[in-house]
$ cat input.cif   # mmCIF, C-alpha atoms
data_start
loop_
_atom_site.label_atom_id
_atom_site.label_comp_id
_atom_site.auth_asym_id
_atom_site.auth_seq_id
_atom_site.Cartn_x
_atom_site.Cartn_y
_atom_site.Cartn_z
CA ALA A 11 94.22 65.56 101.85
CA LEU A 12 91.92 67.61 104.05
CA GLU A 13 94.89 69.60 105.36
CA ASP A 14 95.74 70.69 101.81
CA ILE A 15 92.13 71.72 101.17
CA GLY A 16 92.03 73.64 104.45
CA SER A 17 95.32 75.35 103.67
CA LEU A 18 94.06 76.30 100.20
CA LEU A 19 90.86 77.76 101.68
CA ILE A 20 92.90 79.83 104.13
CA ARG A 21 95.16 81.00 101.29
CA VAL A 22 92.28 82.03 99.02
CA THR A 23 90.30 83.85 101.71
CA ILE A 24 93.36 85.62 103.15
CA ALA A 25 94.49 86.62 99.64
CA TRP A 26 91.02 87.91 98.74
CA LEU A 27 90.85 89.98 101.93
CA PHE A 28 94.25 91.60 101.44
CA LEU A 29 93.98 92.07 97.68
CA SER A 30 90.57 93.72 97.95
CA GLY A 31 91.87 95.95 100.76
CA ALA A 32 94.96 96.91 98.77
CA TRP A 33 92.84 97.70 95.72
CA ALA A 34 90.40 99.85 97.73
CA SER A 35 93.30 101.67 99.42
CA GLY A 36 95.24 102.39 96.23
CA LYS A 37 92.59 102.59 93.50
CA ASP A 38 92.73 106.37 93.06
CA GLU A 39 94.27 109.55 94.46
CA SER A 40 91.38 110.12 96.87
CA ALA A 41 91.74 106.64 98.38
CA ARG A 42 95.52 107.03 98.72
CA LYS A 43 95.12 110.43 100.41
CA PHE A 44 92.60 108.97 102.86
CA VAL A 45 94.89 106.03 103.68
CA THR A 46 97.86 108.38 104.08
CA ALA A 47 95.89 110.64 106.45
CA LYS A 48 94.78 107.70 108.57
CA THR A 49 98.27 106.18 108.53
CA GLY A 50 99.51 109.53 109.87
CA LEU A 51 97.55 108.92 113.07
CA VAL A 52 100.17 106.30 114.01
CA PHE A 53 103.15 107.07 111.78
CA LYS A 54 103.88 110.76 112.22
CA TRP A 55 107.09 110.62 110.21
CA ARG A 56 106.44 110.12 106.49
CA PRO A 57 102.89 108.73 106.65
CA ASP A 58 102.85 108.74 102.83
CA LEU A 59 105.78 106.31 102.78
CA PHE A 60 104.22 104.01 105.38
CA ALA A 61 100.84 104.11 103.60
CA HIS A 62 102.39 103.16 100.25
CA VAL A 63 104.52 100.43 101.84
CA GLY A 64 101.42 99.08 103.59
CA ILE A 65 99.42 98.99 100.35
CA PHE A 66 102.33 97.26 98.62
CA MET A 67 102.71 94.70 101.44
CA ALA A 68 99.00 93.88 101.32
CA ALA A 69 98.99 93.50 97.52
CA ALA A 70 102.29 91.63 97.17
CA GLY A 71 101.61 89.44 100.20
CA GLY A 72 98.10 88.65 98.97
CA LEU A 73 99.36 87.68 95.51
CA SER A 74 102.18 85.62 96.99
CA VAL A 75 99.79 83.69 99.22
CA LEU A 76 97.22 83.21 96.47
CA LEU A 77 99.62 82.08 93.75
CA GLY A 78 101.95 80.09 95.98
CA VAL A 79 105.04 82.09 95.01
CA PHE A 80 107.27 82.27 98.09
CA ARG A 81 104.12 82.05 100.18
CA ARG A 82 105.93 81.98 103.50
CA ILE A 83 107.58 85.33 102.78
CA GLY A 84 104.29 86.82 101.57
CA ALA A 85 102.46 85.54 104.64
CA LEU A 86 105.19 87.00 106.86
CA ALA A 87 104.69 90.41 105.21
CA LEU A 88 100.95 90.14 105.88
CA THR A 89 101.55 89.12 109.51
CA ILE A 90 103.80 92.14 110.05
CA PHE A 91 101.30 94.42 108.26
CA LEU A 92 98.47 93.45 110.63
CA VAL A 93 99.96 94.97 113.79
CA PRO A 94 100.21 98.59 112.58
CA ALA A 95 96.90 98.15 110.73
CA ALA A 96 95.25 97.32 114.07
CA MET A 97 96.99 100.30 115.68
CA ILE A 98 95.62 102.59 112.97
CA HIS A 99 92.06 101.36 113.57
CA LEU A 100 92.43 101.94 117.30
CA ALA A 101 93.69 105.47 116.58
CA MET A 102 90.72 106.02 114.25
CA ARG A 103 88.40 104.83 117.04
CA ARG A 104 89.89 107.45 119.37
CA GLN A 105 89.50 110.05 116.61
CA VAL A 106 85.81 109.17 116.13
CA MET A 107 85.15 109.36 119.86
CA ALA A 108 86.86 112.77 120.10
CA LEU A 109 84.91 114.06 117.10
CA GLU A 110 81.63 112.85 118.60
CA GLU A 111 82.42 114.67 121.84
CA LYS A 112 83.36 117.84 119.95
CA LEU A 113 80.12 117.76 117.95
CA ARG A 114 78.03 117.08 121.05
CA ASP A 115 79.66 120.01 122.88
CA GLY A 116 79.00 122.29 119.91
CA LEU A 117 75.29 121.51 119.69
CA THR A 118 73.00 124.22 120.91
CA GLY A 119 69.84 123.73 122.94
CA LYS A 120 67.79 123.99 119.74
CA ILE A 121 68.62 120.49 118.60
CA SER A 122 66.14 117.79 119.48
CA PHE A 123 66.71 114.98 121.93
CA SER A 124 66.26 112.55 119.02
CA ALA A 125 69.06 114.23 117.05
CA ARG A 126 71.40 113.96 120.04
CA ASN A 127 70.58 110.28 120.34
CA ASP A 128 71.22 109.84 116.61
CA LEU A 129 74.64 111.49 116.99
CA ASP A 130 75.44 109.21 119.93
CA ALA A 131 74.38 106.14 117.93
CA LEU A 132 76.42 107.23 114.92
CA GLY A 133 79.52 107.80 117.06
CA ASP A 134 79.07 104.51 118.87
CA LEU A 135 78.68 102.58 115.60
CA ALA A 136 81.77 104.19 114.08
CA ALA A 137 83.84 103.57 117.22
CA LEU A 138 82.65 99.97 117.41
CA GLY A 139 83.44 99.43 113.72
CA HIS A 140 87.03 100.56 114.17
CA TYR A 141 87.42 98.54 117.37
CA THR A 142 86.18 95.36 115.68
CA SER A 143 88.38 96.07 112.64
CA ALA A 144 91.38 96.27 114.97
CA LEU A 145 90.36 92.97 116.57
CA LYS A 146 89.91 91.42 113.12
CA ASN A 147 93.42 92.46 112.17
CA LEU A 148 94.88 91.03 115.36
CA SER A 149 92.88 87.81 114.88
CA LEU A 150 94.21 87.41 111.35
CA ILE A 151 97.72 87.10 112.76
CA GLY A 152 96.85 83.46 113.56
CA PRO A 153 96.05 82.34 109.98
CA THR A 154 98.87 84.37 108.42
CA ALA A 155 101.37 83.04 110.97
CA TYR A 156 100.08 79.53 110.19
CA LEU A 157 100.90 80.11 106.53
CA VAL A 158 104.41 81.23 107.54
CA LEU A 159 104.97 78.20 109.77
CA ALA A 160 103.14 75.49 107.80
CA GLY A 161 105.50 75.54 104.86
CA ALA A 162 104.62 74.55 101.36
CA ARG A 163 101.34 72.81 100.72
CA ALA A 164 99.99 71.94 97.31
CA PRO A 165 99.14 73.62 95.02
CA MET A 166 102.14 75.90 94.87
CA LEU A 167 104.22 77.41 92.09
CA ILE A 168 107.43 77.86 94.08
CA GLY A 169 108.37 78.41 97.69
CA PHE A 170 110.10 77.07 100.75
CA GLY A 171 108.77 73.80 102.11
CA PRO A 172 108.84 72.51 105.68
CA ASP A 173 112.48 71.56 105.12
CA TRP A 174 113.23 75.10 103.86
CA GLN A 175 114.15 73.66 100.45
CA LEU A 176 112.54 74.98 97.28
CA HIS A 177 109.38 73.08 96.34
CA GLY A 178 106.58 73.55 93.85
CA ILE A 179 105.65 73.18 90.22
CA LEU A 180 108.42 75.48 88.97
CA THR A 181 111.10 73.34 90.62
CA GLN A 182 110.01 70.37 88.53
CA LEU A 183 110.65 72.01 85.15
#
$ encode --input "input.cif" --output "structure tokens"
Amino acid sequence: ALEDIGSLLIRVTIAWLFLSGAWASGKDESARKFVTAKTGLVFKWRPDLFAHVGIFMAAAGGLSVLLGVFRRIGALALTIFLVPAAMIHLAMRRQVMALEEKLRDGLTGKISFSARNDLDALGDLAALGHYTSALKNLSLIGPTAYLVLAGARAPMLIGFGPDWQLHGILTQL
């Protein structure tokens, strides 16, 4: 049915987004340090813990949604993840704007008008990027919440259906 195809498309694209984000955030020590530092803008207590939990939620939730293994639980983890992720991007936007102001104030009269305009453009682009990333995260709450509420749709390995009973290929073995 078209609803099953639509649900599968949502699952694959959501999973790809979260799995690629989890991989980029956890692929090496440098990436994990960056994510921890940015997580610390919102979570002052133990940003390392929150960063690692966030990476895990994105990876586990993405796999769950993609493979259809307790998809509702995985989608719920992704839905929860999106709120602090948006908050972090808004904090990064404020950080970019403050850094732009600091750099502008530190520039001497020797710098050209063109260079000042370039700095303004760079700051504006960075701030806009973080703002739109925050909006993207908030917008993704809709599709992930749909996956929580819609229940099991084929194809699925195992999970809770609309009746909250176990459904899927593994229940038929």
$ residues_around --input "input.cif" --residues "Ala70 of chain A" --least-positions-apart "3" --cutoff "12 Å" --atoms "all atoms listed in the file" --output "count of residues only"
30
$ resolve_selection --input "input.cif" --expression "the PyMOL selection byres ((chain A and resi 145) around 12)" --output "list in words"
Leu92, Val93, Ala95, Ala96, Met97, Ile98, His99, Leu100, Leu138, Gly139, His140, Tyr141, Thr142, Ser143, Ala144, Lys146, Asn147, Leu148, Ser149, Leu150, Ile151 and Gly152 of chain A
$ closest_residue --input "input.cif" --among "A:Glu13, A:Glu110, A:Asp58, A:Glu39" --to "Ala137 of chain A" --atoms "only C-alpha atoms"
A:Glu110
$ closest_residue --input "input.cif" --among "A:Met107, A:Ala125, A:Ala61, A:Leu113" --to "Thr46 of chain A" --atoms "only C-alpha atoms"
A:Ala61
$ closest_residue --input "input.cif" --among "A:Ala131, A:Leu117, A:Ile179, A:Ala101" --to "Thr49 of chain A" --atoms "only C-alpha atoms"
A:Ala101
$ closest_residue --input "input.cif" --among "A:Asp14, A:Asp173, A:Glu111, A:Asp38" --to "Leu129 of chain A" --atoms "all atoms listed in the file"
A:Glu111
$ decode --input "input.cif" --residues "segment 68-96 of chain A" --atoms "N, CA and C atoms" --output "CSV table (one decimal), in the first residue's frame"
chain,number,residue,atom,x,y,z
A,68,ALA,N,21.3,8.7,18.7
A,68,ALA,CA,21.2,8.9,17.3
A,68,ALA,C,21.5,7.6,16.5
A,69,ALA,N,22.6,6.9,16.9
A,69,ALA,CA,22.9,5.7,16.2
A,69,ALA,C,21.9,4.5,16.5
A,70,ALA,N,21.6,4.3,17.8
A,70,ALA,CA,20.7,3.2,18.1
A,70,ALA,C,19.3,3.5,17.6
A,71,GLY,N,18.9,4.7,17.7
A,71,GLY,CA,17.5,5.1,17.2
A,71,GLY,C,17.5,4.9,15.6
A,72,GLY,N,18.5,5.4,15.0
A,72,GLY,CA,18.6,5.3,13.5
A,72,GLY,C,18.6,3.8,13.1
A,73,LEU,N,19.4,3.0,13.7
A,73,LEU,CA,19.4,1.5,13.4
A,73,LEU,C,18.0,0.9,13.7
A,74,SER,N,17.4,1.2,14.8
A,74,SER,CA,16.1,0.7,15.1
A,74,SER,C,15.1,1.0,14.1
A,75,VAL,N,15.0,2.3,13.7
A,75,VAL,CA,14.1,2.8,12.7
A,75,VAL,C,14.3,2.1,11.3
A,76,LEU,N,15.6,2.0,10.9
A,76,LEU,CA,15.9,1.5,9.7
A,76,LEU,C,15.6,0.0,9.6
A,77,LEU,N,16.0,-0.8,10.6
A,77,LEU,CA,15.8,-2.2,10.6
A,77,LEU,C,14.5,-2.7,11.0
A,78,GLY,N,13.7,-1.8,11.6
A,78,GLY,CA,12.4,-2.2,12.1
A,78,GLY,C,12.5,-3.1,13.3
A,79,VAL,N,13.4,-2.8,14.2
A,79,VAL,CA,13.6,-3.6,15.5
A,79,VAL,C,13.2,-2.6,16.6
A,80,PHE,N,12.0,-2.8,17.1
A,80,PHE,CA,11.4,-2.0,18.2
A,80,PHE,C,11.5,-0.5,17.7
A,81,ARG,N,11.0,-0.3,16.5
A,81,ARG,CA,11.0,1.0,15.8
A,81,ARG,C,10.4,2.1,16.6
A,82,ARG,N,9.3,1.8,17.3
A,82,ARG,CA,8.6,2.9,18.1
A,82,ARG,C,9.5,3.4,19.2
A,83,ILE,N,10.2,2.5,19.8
A,83,ILE,CA,11.2,2.9,20.9
A,83,ILE,C,12.3,3.7,20.3
A,84,GLY,N,12.9,3.2,19.2
A,84,GLY,CA,14.0,4.0,18.5
A,84,GLY,C,13.5,5.3,18.1
A,85,ALA,N,12.3,5.4,17.5
A,85,ALA,CA,11.8,6.7,17.1
A,85,ALA,C,11.5,7.7,18.2
A,86,LEU,N,11.1,7.1,19.4
A,86,LEU,CA,10.9,7.9,20.6
A,86,LEU,C,12.3,8.5,21.0
A,87,ALA,N,13.3,7.7,21.0
A,87,ALA,CA,14.7,8.2,21.4
A,87,ALA,C,15.1,9.3,20.4
A,88,LEU,N,14.8,9.2,19.2
A,88,LEU,CA,15.2,10.2,18.2
A,88,LEU,C,14.4,11.5,18.4
A,89,THR,N,13.1,11.3,18.8
A,89,THR,CA,12.2,12.5,19.0
A,89,THR,C,12.7,13.2,20.3
A,90,ILE,N,13.1,12.5,21.3
A,90,ILE,CA,13.6,13.2,22.5
A,90,ILE,C,15.0,13.8,22.2
A,91,PHE,N,15.8,13.2,21.4
A,91,PHE,CA,17.1,13.7,21.0
A,91,PHE,C,17.0,15.1,20.3
A,92,LEU,N,16.0,15.3,19.5
A,92,LEU,CA,15.9,16.5,18.7
A,92,LEU,C,15.7,17.8,19.5
A,93,VAL,N,15.1,17.7,20.6
A,93,VAL,CA,14.9,19.0,21.4
A,93,VAL,C,16.3,19.5,21.9
A,94,PRO,N,17.1,18.8,22.6
A,94,PRO,CA,18.4,19.3,23.0
A,94,PRO,C,19.3,19.6,21.8
A,95,ALA,N,19.2,18.8,20.8
A,95,ALA,CA,20.0,19.1,19.6
A,95,ALA,C,19.7,20.5,19.0
A,96,ALA,N,18.4,20.8,19.0
A,96,ALA,CA,18.0,22.2,18.5
A,96,ALA,C,18.5,23.2,19.5
